[in-house]
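Trainee: Structure supplied as input00.cif; contents: mmCIF, C-alpha atoms.
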data_final
loop_
_atom_site.group_PDB
_atom_site.id
_atom_site.type_symbol
_atom_site.label_atom_id
_atom_site.label_comp_id
_atom_site.auth_asym_id
_atom_site.auth_seq_id
_atom_site.Cartn_x
_atom_site.Cartn_y
_atom_site.Cartn_z
ATOM 1 C CA MET N 273 235.970 50.298 121.055
ATOM 2 C CA TYR N 274 236.153 52.334 117.827
ATOM 3 C CA GLU N 275 233.043 50.835 116.210
ATOM 4 C CA ILE N 276 231.835 53.708 114.030
ATOM 5 C CA PHE N 277 234.717 56.096 113.364
ATOM 6 C CA GLY N 278 237.710 53.808 113.791
ATOM 7 C CA GLU N 279 240.865 54.749 115.616
ATOM 8 C CA LEU N 280 241.503 58.405 114.855
ATOM 9 C CA ASP N 281 245.126 59.446 114.692
ATOM 10 C CA SER N 282 245.175 62.908 116.199
ATOM 11 C CA MET N 283 243.346 65.794 117.788
ATOM 12 C CA GLU N 284 243.182 67.366 114.353
ATOM 13 C CA GLU N 285 241.516 64.286 112.862
ATOM 14 C CA ILE N 286 238.937 64.267 115.663
ATOM 15 C CA ASN N 287 238.199 67.961 115.101
ATOM 16 C CA GLU N 288 237.916 67.560 111.322
ATOM 17 C CA THR N 289 235.478 64.685 111.739
ATOM 18 C CA ALA N 290 233.503 66.666 114.317
ATOM 19 C CA GLU N 291 233.321 69.681 112.016
ATOM 20 C CA GLY N 292 231.937 67.547 109.200
ATOM 21 C CA LEU N 293 229.307 66.027 111.476
ATOM 22 C CA LYS N 294 228.341 69.439 112.859
ATOM 23 C CA ASN N 295 228.041 70.900 109.355
ATOM 24 C CA GLU N 296 225.790 67.989 108.362
ATOM 25 C CA GLY N 297 223.676 68.503 111.473
ATOM 26 C CA ASP N 298 224.474 64.950 112.584
ATOM 27 C CA HIS N 299 224.400 65.527 116.335
ATOM 28 C CA LYS N 300 223.798 61.865 117.178
ATOM 29 C CA ASN N 301 227.049 60.785 115.547
ATOM 30 C CA LEU N 302 228.868 63.788 116.997
ATOM 31 C CA TYR N 303 228.052 62.466 120.462
ATOM 32 C CA GLN N 304 229.130 58.982 119.319
ATOM 33 C CA LEU N 305 232.434 60.395 118.030
ATOM 34 C CA ALA N 306 233.033 61.983 121.417
ATOM 35 C CA GLN N 307 232.157 58.782 123.277
ATOM 36 C CA GLU N 308 234.463 56.645 121.125
ATOM 37 C CA ASN N 309 237.310 59.061 121.809
ATOM 38 C CA GLY N 310 236.777 59.535 125.536
ATOM 39 C CA ILE N 311 235.552 63.114 125.199
ATOM 40 C CA ASP N 312 232.868 64.157 127.679
ATOM 41 C CA ALA N 313 229.426 64.894 126.232
ATOM 42 C CA ALA N 314 229.609 68.348 127.851
ATOM 43 C CA PHE N 315 232.301 69.226 125.288
ATOM 44 C CA VAL N 316 229.848 68.323 122.523
ATOM 45 C CA ASP N 317 227.249 70.589 124.082
ATOM 46 C CA ILE N 318 229.557 73.610 124.200
ATOM 47 C CA TYR N 319 230.823 72.823 120.703
ATOM 48 C CA LEU N 320 227.273 72.720 119.341
ATOM 49 C CA ASP N 321 226.227 75.937 121.076
ATOM 50 C CA GLY N 322 229.237 77.763 119.637
ATOM 51 C CA THR N 323 231.069 78.386 122.919
ATOM 52 C CA THR N 324 234.107 76.719 121.348
ATOM 53 C CA ASP N 325 235.003 76.169 117.723
ATOM 54 C CA LYS N 326 236.662 72.777 118.299
ATOM 55 C CA LEU N 327 235.336 69.588 119.865
ATOM 56 C CA CYS N 328 238.726 68.509 121.142
ATOM 57 C CA CYS N 329 240.524 71.559 122.461
ATOM 58 C CA ASP N 330 244.053 70.255 122.904
ATOM 59 C CA VAL N 331 246.431 67.361 122.375
ATOM 60 C CA ALA N 332 246.315 66.257 126.016
ATOM 61 C CA THR N 333 242.502 66.005 125.930
ATOM 62 C CA ALA N 334 242.704 63.802 122.840
ATOM 63 C CA ALA N 335 245.365 61.532 124.359
ATOM 64 C CA LEU N 336 243.684 61.268 127.759
ATOM 65 C CA GLY N 337 240.397 60.446 126.070
ATOM 66 C CA LYS N 338 242.050 57.583 124.213
ATOM 67 C CA ILE N 339 243.629 56.305 127.439
ATOM 68 C CA ASP N 340 240.244 56.506 129.215
ATOM 69 C CA VAL N 341 238.510 54.481 126.499
ATOM 70 C CA GLU N 342 241.263 51.858 126.425
ATOM 71 C CA ALA N 343 241.517 51.668 130.236
ATOM 72 C CA ALA N 344 237.756 51.053 130.470
ATOM 73 C CA GLU N 345 238.276 47.964 128.319
ATOM 74 C CA LEU N 346 241.497 46.880 130.064
ATOM 75 C CA ARG N 347 240.211 47.473 133.637
ATOM 76 C CA PRO N 348 243.699 47.875 135.160
ATOM 77 C CA VAL N 349 244.379 47.092 138.815
ATOM 78 C CA GLU N 350 247.353 47.456 141.148
ATOM 79 C CA ILE N 351 250.689 47.904 139.328
ATOM 80 C CA VAL N 352 249.022 48.100 135.906
ATOM 81 C CA ALA N 353 246.811 50.922 137.222
ATOM 82 C CA ASP N 354 249.984 52.677 138.403
ATOM 83 C CA TRP N 355 251.486 52.353 134.933
ATOM 84 C CA VAL N 356 248.320 53.757 133.361
ATOM 85 C CA GLU N 357 248.393 56.702 135.760
ATOM 86 C CA TYR N 358 252.014 57.381 134.785
ATOM 87 C CA ILE N 359 250.990 57.390 131.108
ATOM 88 C CA ARG N 360 248.156 59.803 131.923
ATOM 89 C CA THR N 361 250.606 62.105 133.722
ATOM 90 C CA LEU N 362 252.968 62.092 130.737
ATOM 91 C CA CYS N 363 250.058 62.951 128.419
ATOM 92 C CA SER N 364 249.230 65.975 130.574
ATOM 93 C CA ASP N 365 252.841 67.129 130.912
ATOM 94 C CA ASP N 366 254.347 66.422 127.499
ATOM 95 C CA GLU N 367 252.684 67.304 124.181
ATOM 96 C CA THR N 368 255.077 65.129 122.150
ATOM 97 C CA PHE N 369 254.197 62.127 124.277
ATOM 98 C CA ALA N 370 250.467 62.935 124.120
ATOM 99 C CA ARG N 371 250.608 63.032 120.298
ATOM 100 C CA ALA N 372 252.373 59.664 120.295
ATOM 101 C CA VAL N 373 249.719 58.126 122.569
ATOM 102 C CA ARG N 374 246.940 59.425 120.317
ATOM 103 C CA SER N 375 248.580 58.073 117.168
ATOM 104 C CA ARG N 376 246.978 55.189 115.310
ATOM 105 C CA GLY N 377 248.478 51.807 116.104
ATOM 106 C CA LYS N 378 249.646 52.664 119.624
ATOM 107 C CA SER N 379 247.490 51.323 122.424
ATOM 108 C CA LEU N 380 247.414 50.921 126.154
ATOM 109 C CA ILE N 381 247.038 47.178 125.691
ATOM 110 C CA GLY N 382 250.120 47.106 123.448
ATOM 111 C CA CYS N 383 252.124 49.105 125.982
ATOM 112 C CA ILE N 384 251.098 46.936 128.933
ATOM 113 C CA GLY N 385 251.731 43.868 126.783
ATOM 114 C CA SER N 386 255.327 44.995 126.219
ATOM 115 C CA LEU N 387 255.779 45.331 129.986
ATOM 116 C CA LEU N 388 254.279 41.875 130.538
ATOM 117 C CA GLY N 389 256.560 40.403 127.873
ATOM 118 C CA TRP N 390 259.564 41.912 129.638
ATOM 119 C CA SER N 391 258.294 40.460 132.929
ATOM 120 C CA PHE N 392 258.242 36.908 131.591
ATOM 121 C CA LYS N 393 261.643 37.231 129.923
ATOM 122 C CA THR N 394 263.403 38.603 133.004
ATOM 123 C CA LYS N 395 261.759 36.707 135.845
ATOM 124 C CA TYR N 396 263.957 35.569 138.693
ATOM 125 C CA ARG N 397 263.626 33.039 141.465
ATOM 126 C CA VAL N 398 262.432 34.432 144.794
ATOM 127 C CA ALA N 399 264.622 33.559 147.787
ATOM 128 C CA GLU N 400 263.275 30.666 149.857
ATOM 129 C CA ASP N 401 263.335 32.765 153.046
ATOM 130 C CA ILE N 402 260.932 35.226 151.419
ATOM 131 C CA ILE N 403 258.664 32.407 150.246
ATOM 132 C CA LYS N 404 258.634 30.971 153.768
ATOM 133 C CA ALA N 405 257.932 34.416 155.300
ATOM 134 C CA ALA N 406 255.007 34.806 152.899
ATOM 135 C CA GLY N 407 253.560 31.548 154.190
ATOM 136 C CA ILE N 408 253.398 30.052 150.723
ATOM 137 C CA GLY N 409 255.049 26.754 151.552
ATOM 138 C CA GLN N 410 257.423 24.540 149.615
ATOM 139 C CA VAL N 411 256.990 25.877 146.079
ATOM 140 C CA ARG N 412 259.261 27.519 143.576
ATOM 141 C CA VAL N 413 258.254 31.166 143.021
ATOM 142 C CA GLU N 414 259.462 33.407 140.219
ATOM 143 C CA MET N 415 258.807 37.103 139.697
ATOM 144 C CA GLY N 416 259.593 39.555 136.953
ATOM 145 C CA ILE N 417 257.707 42.796 137.555
ATOM 146 C CA PRO N 418 259.751 45.778 136.344
ATOM 147 C CA GLY N 419 260.633 48.489 138.833
ATOM 148 C CA MET N 420 259.154 51.920 138.127
ATOM 149 C CA GLY N 421 262.379 53.186 136.540
ATOM 150 C CA THR N 422 262.384 50.316 134.043
ATOM 151 C CA ALA N 423 258.634 50.606 133.484
ATOM 152 C CA LYS N 424 258.891 54.362 132.817
ATOM 153 C CA ARG N 425 261.690 53.799 130.305
ATOM 154 C CA MET N 426 259.758 51.019 128.565
ATOM 155 C CA ILE N 427 256.545 53.074 128.421
ATOM 156 C CA ARG N 428 258.418 55.946 126.760
ATOM 157 C CA GLN N 429 260.110 53.524 124.343
ATOM 158 C CA TYR N 430 256.785 51.958 123.393
ATOM 159 C CA TYR N 431 255.103 55.238 122.554
ATOM 160 C CA LEU N 432 258.230 57.084 121.307
ATOM 161 C CA PRO N 433 260.277 54.268 119.723
ATOM 162 C CA LYS N 434 262.643 56.531 117.790
ATOM 163 C CA GLY N 435 263.860 58.212 120.919
ATOM 164 C CA GLY N 436 261.320 60.999 120.481
ATOM 165 C CA ALA N 437 262.305 63.525 123.024
ATOM 166 C CA GLY N 438 259.440 64.448 125.195
ATOM 167 C CA ARG N 439 260.374 65.403 128.725
#
Can you dump the structure from the file as C-alpha cells?
Mentor:
Amino acid sequence: MYEIFGELDSMEEINETAEGLKNEGDHKNLYQLAQENGIDAAFVDIYLDGTTDKLCCDVATAALGKIDVEAAELRPVEIVADWVEYIRTLCSDDETFARAVRSRGKSLIGCIGSLLGWSFKTKYRVAEDIIKAAGIGQVRVEMGIPGMGTAKRMIRQYYLPKGGAGR
C-alpha cells in the first residue's frame, strides 16, 4: 500500500515530499507519491505545470486519498461500505477529523477491526421466531452488528481517542 514513501502523516508531509521530488525533477516518483496517497494524477499534472503550488491542496483531500487507498485494499461491502462512507463524510465536513484520519498509525482496517471486535463482544441471541421467519431452520443464531449511532461514536473514538472535538 505505501511501498515507496511509507505512510505519510499529514497533508504537509505529502506536500513537502512532493516539493522535493519536483525540485529534483523526479516526475515518475511524484506520480507514485500521488498514487500511494490516493491523489489523482490530474493533480500532479497541474502541480507540475505550475497551476497550483501544492500537490495536495487541503486536509480533506489528503484524508480522502488515504481512505480511498485503504478501501481499495479492504473492498468493503454492505454495512462496512456504509461505515466507510460515513468516515468519508466526516473527512469532508470536519478538518480535525480529517487530520486524525490522515495521521500515521490510524487506518481504515484498524477502525473497522474495532467495530468487528465490538460486534463479537456484544452479540446477542436472535429470537427463534425471527430465525423461523428467515427460513433458517433449527439453529442458534447470534448477531452483534452495532447500530449506526454506536458505530458513529466508535468511529470518532477510534480516530479521535482523546475526545478530540470535531463536529
Trainee: Enumerate, as a ChimeraX atom specification, the residues matched when the PyMOL selection byres ((chain N and resi 288-305) around 10) is run on the file above.
Mentor: /N:274-278,280,282-287,306-317,319-320,325-328
Trainee: Please evaluate the PyMOL selection byres ((chain N and resi 335) around 10) against the displayed coordinates and give the resulting residues as a compact mmCIF listing (two decimals) with C-alpha atoms, keeping the file's coordinate frame.
Mentor:
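The resulting file, expr.txt, is shown below:
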# COMPACT_ATOMS: atom_id res chain seq x y z
CA ASP N 281 245.13 59.45 114.69
CA SER N 282 245.18 62.91 116.20
CA MET N 283 243.35 65.79 117.79
CA ASN N 309 237.31 59.06 121.81
CA GLY N 310 236.78 59.54 125.54
CA ILE N 311 235.55 63.11 125.20
CA ASP N 330 244.05 70.26 122.90
CA VAL N 331 246.43 67.36 122.38
CA ALA N 332 246.32 66.26 126.02
CA THR N 333 242.50 66.00 125.93
CA ALA N 334 242.70 63.80 122.84
CA LEU N 336 243.68 61.27 127.76
CA GLY N 337 240.40 60.45 126.07
CA LYS N 338 242.05 57.58 124.21
CA ILE N 339 243.63 56.30 127.44
CA ASP N 340 240.24 56.51 129.22
CA ILE N 359 250.99 57.39 131.11
CA ARG N 360 248.16 59.80 131.92
CA LEU N 362 252.97 62.09 130.74
CA CYS N 363 250.06 62.95 128.42
CA SER N 364 249.23 65.97 130.57
CA GLU N 367 252.68 67.30 124.18
CA PHE N 369 254.20 62.13 124.28
CA ALA N 370 250.47 62.94 124.12
CA ARG N 371 250.61 63.03 120.30
CA ALA N 372 252.37 59.66 120.30
CA VAL N 373 249.72 58.13 122.57
CA ARG N 374 246.94 59.42 120.32
CA SER N 375 248.58 58.07 117.17
Trainee: Please compute the CA of Tyr396 (chain N)-CA of Ile408 (chain N) distance, one decimal, in Å.
Mentor: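 Spanning CA of Tyr396 (chain N) to CA of Ile408 (chain N) is a straight-line distance of 16.9 Å.
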Trainee: Would you list the residues near (260.7, 44.0, 131.6) (no more than 8 Å away, in the coordinates of the file, using all atoms listed in the file) as an mmCIF file with C-alpha atoms, in the coordinates of the input?
Mentor:
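That gives us result.cif:
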data_model
loop_
_atom_site.group_PDB
_atom_site.id
_atom_site.type_symbol
_atom_site.label_atom_id
_atom_site.label_comp_id
_atom_site.auth_asym_id
_atom_site.auth_seq_id
_atom_site.Cartn_x
_atom_site.Cartn_y
_atom_site.Cartn_z
ATOM 1 C CA SER N 386 255.327 44.995 126.219
ATOM 2 C CA LEU N 387 255.779 45.331 129.986
ATOM 3 C CA LEU N 388 254.279 41.875 130.538
ATOM 4 C CA GLY N 389 256.560 40.403 127.873
ATOM 5 C CA TRP N 390 259.564 41.912 129.638
ATOM 6 C CA SER N 391 258.294 40.460 132.929
ATOM 7 C CA PHE N 392 258.242 36.908 131.591
ATOM 8 C CA LYS N 393 261.643 37.231 129.923
ATOM 9 C CA THR N 394 263.403 38.603 133.004
ATOM 10 C CA GLY N 416 259.593 39.555 136.953
ATOM 11 C CA ILE N 417 257.707 42.796 137.555
ATOM 12 C CA PRO N 418 259.751 45.778 136.344
ATOM 13 C CA THR N 422 262.384 50.316 134.043
ATOM 14 C CA ALA N 423 258.634 50.606 133.484
ATOM 15 C CA MET N 426 259.758 51.019 128.565
#
Trainee: For a test of reading the model, state the distance in Å between CA of Val413 (chain N) and CA of Leu346 (chain N), rounded to one decimal.
Mentor: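 If I compute the distance from CA of Val413 (chain N) to CA of Leu346 (chain N), I get 26.4 Å.
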Trainee: Could you state the separation of CA of Ala353 (chain N) and CA of Tyr430 (chain N) in Å, given to one decimal place?
Mentor: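 Computing it gives 17.1 Å between the two atoms.
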Trainee: For Gly421 (chain N), which residue among N:Glu400, N:Arg376, N:Lys395, N:Trp355 is the nearest when counting all atoms listed in the file?
Mentor: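 Checking each of N:Glu400, N:Arg376, N:Lys395, N:Trp355 against Gly421 (chain N), counting all atoms listed in the file, the winner is N:Trp355.
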Trainee: Can you tell me which residues surround Arg412 (chain N) at a distance of at most 9 Å, considering all atoms listed in the file, apart from same-chain residues fewer than 6 positions away, and format the answer as a list in words?
Mentor: Arg397, Val398, Glu400 and Ile403 of chain N
Trainee: For a quick check of understanding, using all atoms listed in the file, which of N:Ile402, N:Cys329, N:Cys383, N:Met273 has the smallest distance to Val341 (chain N)?
Mentor: N:Met273
Trainee: Would you fill the gaps in region 303-318 of chain N so it has N, CA and C atoms, then print it as a PDB file, keeping the file's coordinate frame?
Mentor:
ATOM      1  N   TYR N 303     227.952  63.010 119.103  1.00  0.00           N
ATOM      2  CA  TYR N 303     228.052  62.466 120.462  1.00  0.00           C
ATOM      3  C   TYR N 303     228.739  61.099 120.450  1.00  0.00           C
ATOM      4  N   GLN N 304     228.475  60.292 119.434  1.00  0.00           N
ATOM      5  CA  GLN N 304     229.130  58.982 119.319  1.00  0.00           C
ATOM      6  C   GLN N 304     230.634  59.141 119.104  1.00  0.00           C
ATOM      7  N   LEU N 305     231.017  60.097 118.255  1.00  0.00           N
ATOM      8  CA  LEU N 305     232.434  60.395 118.030  1.00  0.00           C
ATOM      9  C   LEU N 305     233.111  60.737 119.353  1.00  0.00           C
ATOM     10  N   ALA N 306     232.468  61.600 120.127  1.00  0.00           N
ATOM     11  CA  ALA N 306     233.033  61.983 121.417  1.00  0.00           C
ATOM     12  C   ALA N 306     233.169  60.767 122.331  1.00  0.00           C
ATOM     13  N   GLN N 307     232.120  59.959 122.410  1.00  0.00           N
ATOM     14  CA  GLN N 307     232.157  58.782 123.277  1.00  0.00           C
ATOM     15  C   GLN N 307     233.278  57.827 122.880  1.00  0.00           C
ATOM     16  N   GLU N 308     233.419  57.564 121.592  1.00  0.00           N
ATOM     17  CA  GLU N 308     234.463  56.645 121.125  1.00  0.00           C
ATOM     18  C   GLU N 308     235.864  57.163 121.433  1.00  0.00           C
ATOM     19  N   ASN N 309     235.993  58.465 121.594  1.00  0.00           N
ATOM     20  CA  ASN N 309     237.310  59.061 121.809  1.00  0.00           C
ATOM     21  C   ASN N 309     237.513  59.582 123.224  1.00  0.00           C
ATOM     22  N   GLY N 310     236.614  59.185 124.131  1.00  0.00           N
ATOM     23  CA  GLY N 310     236.777  59.535 125.536  1.00  0.00           C
ATOM     24  C   GLY N 310     236.595  61.019 125.824  1.00  0.00           C
ATOM     25  N   ILE N 311     235.802  61.689 125.013  1.00  0.00           N
ATOM     26  CA  ILE N 311     235.552  63.114 125.199  1.00  0.00           C
ATOM     27  C   ILE N 311     234.170  63.265 125.840  1.00  0.00           C
ATOM     28  N   ASP N 312     234.107  63.985 126.932  1.00  0.00           N
ATOM     29  CA  ASP N 312     232.868  64.157 127.679  1.00  0.00           C
ATOM     30  C   ASP N 312     231.791  64.803 126.820  1.00  0.00           C
ATOM     31  N   ALA N 313     230.560  64.360 126.995  1.00  0.00           N
ATOM     32  CA  ALA N 313     229.426  64.894 126.232  1.00  0.00           C
ATOM     33  C   ALA N 313     229.255  66.395 126.449  1.00  0.00           C
ATOM     34  N   ALA N 314     229.700  66.906 127.594  1.00  0.00           N
ATOM     35  CA  ALA N 314     229.609  68.348 127.851  1.00  0.00           C
ATOM     36  C   ALA N 314     230.417  69.135 126.818  1.00  0.00           C
ATOM     37  N   PHE N 315     231.519  68.562 126.336  1.00  0.00           N
ATOM     38  CA  PHE N 315     232.301  69.226 125.288  1.00  0.00           C
ATOM     39  C   PHE N 315     231.495  69.317 123.993  1.00  0.00           C
ATOM     40  N   VAL N 316     230.704  68.295 123.713  1.00  0.00           N
ATOM     41  CA  VAL N 316     229.848  68.323 122.523  1.00  0.00           C
ATOM     42  C   VAL N 316     228.826  69.442 122.669  1.00  0.00           C
ATOM     43  N   ASP N 317     228.248  69.547 123.840  1.00  0.00           N
ATOM     44  CA  ASP N 317     227.249  70.589 124.082  1.00  0.00           C
ATOM     45  C   ASP N 317     227.815  71.985 123.838  1.00  0.00           C
ATOM     46  N   ILE N 318     228.994  72.268 124.383  1.00  0.00           N
ATOM     47  CA  ILE N 318     229.557  73.610 124.200  1.00  0.00           C
ATOM     48  C   ILE N 318     230.074  73.815 122.776  1.00  0.00           C
TER      49      ILE N 318
END
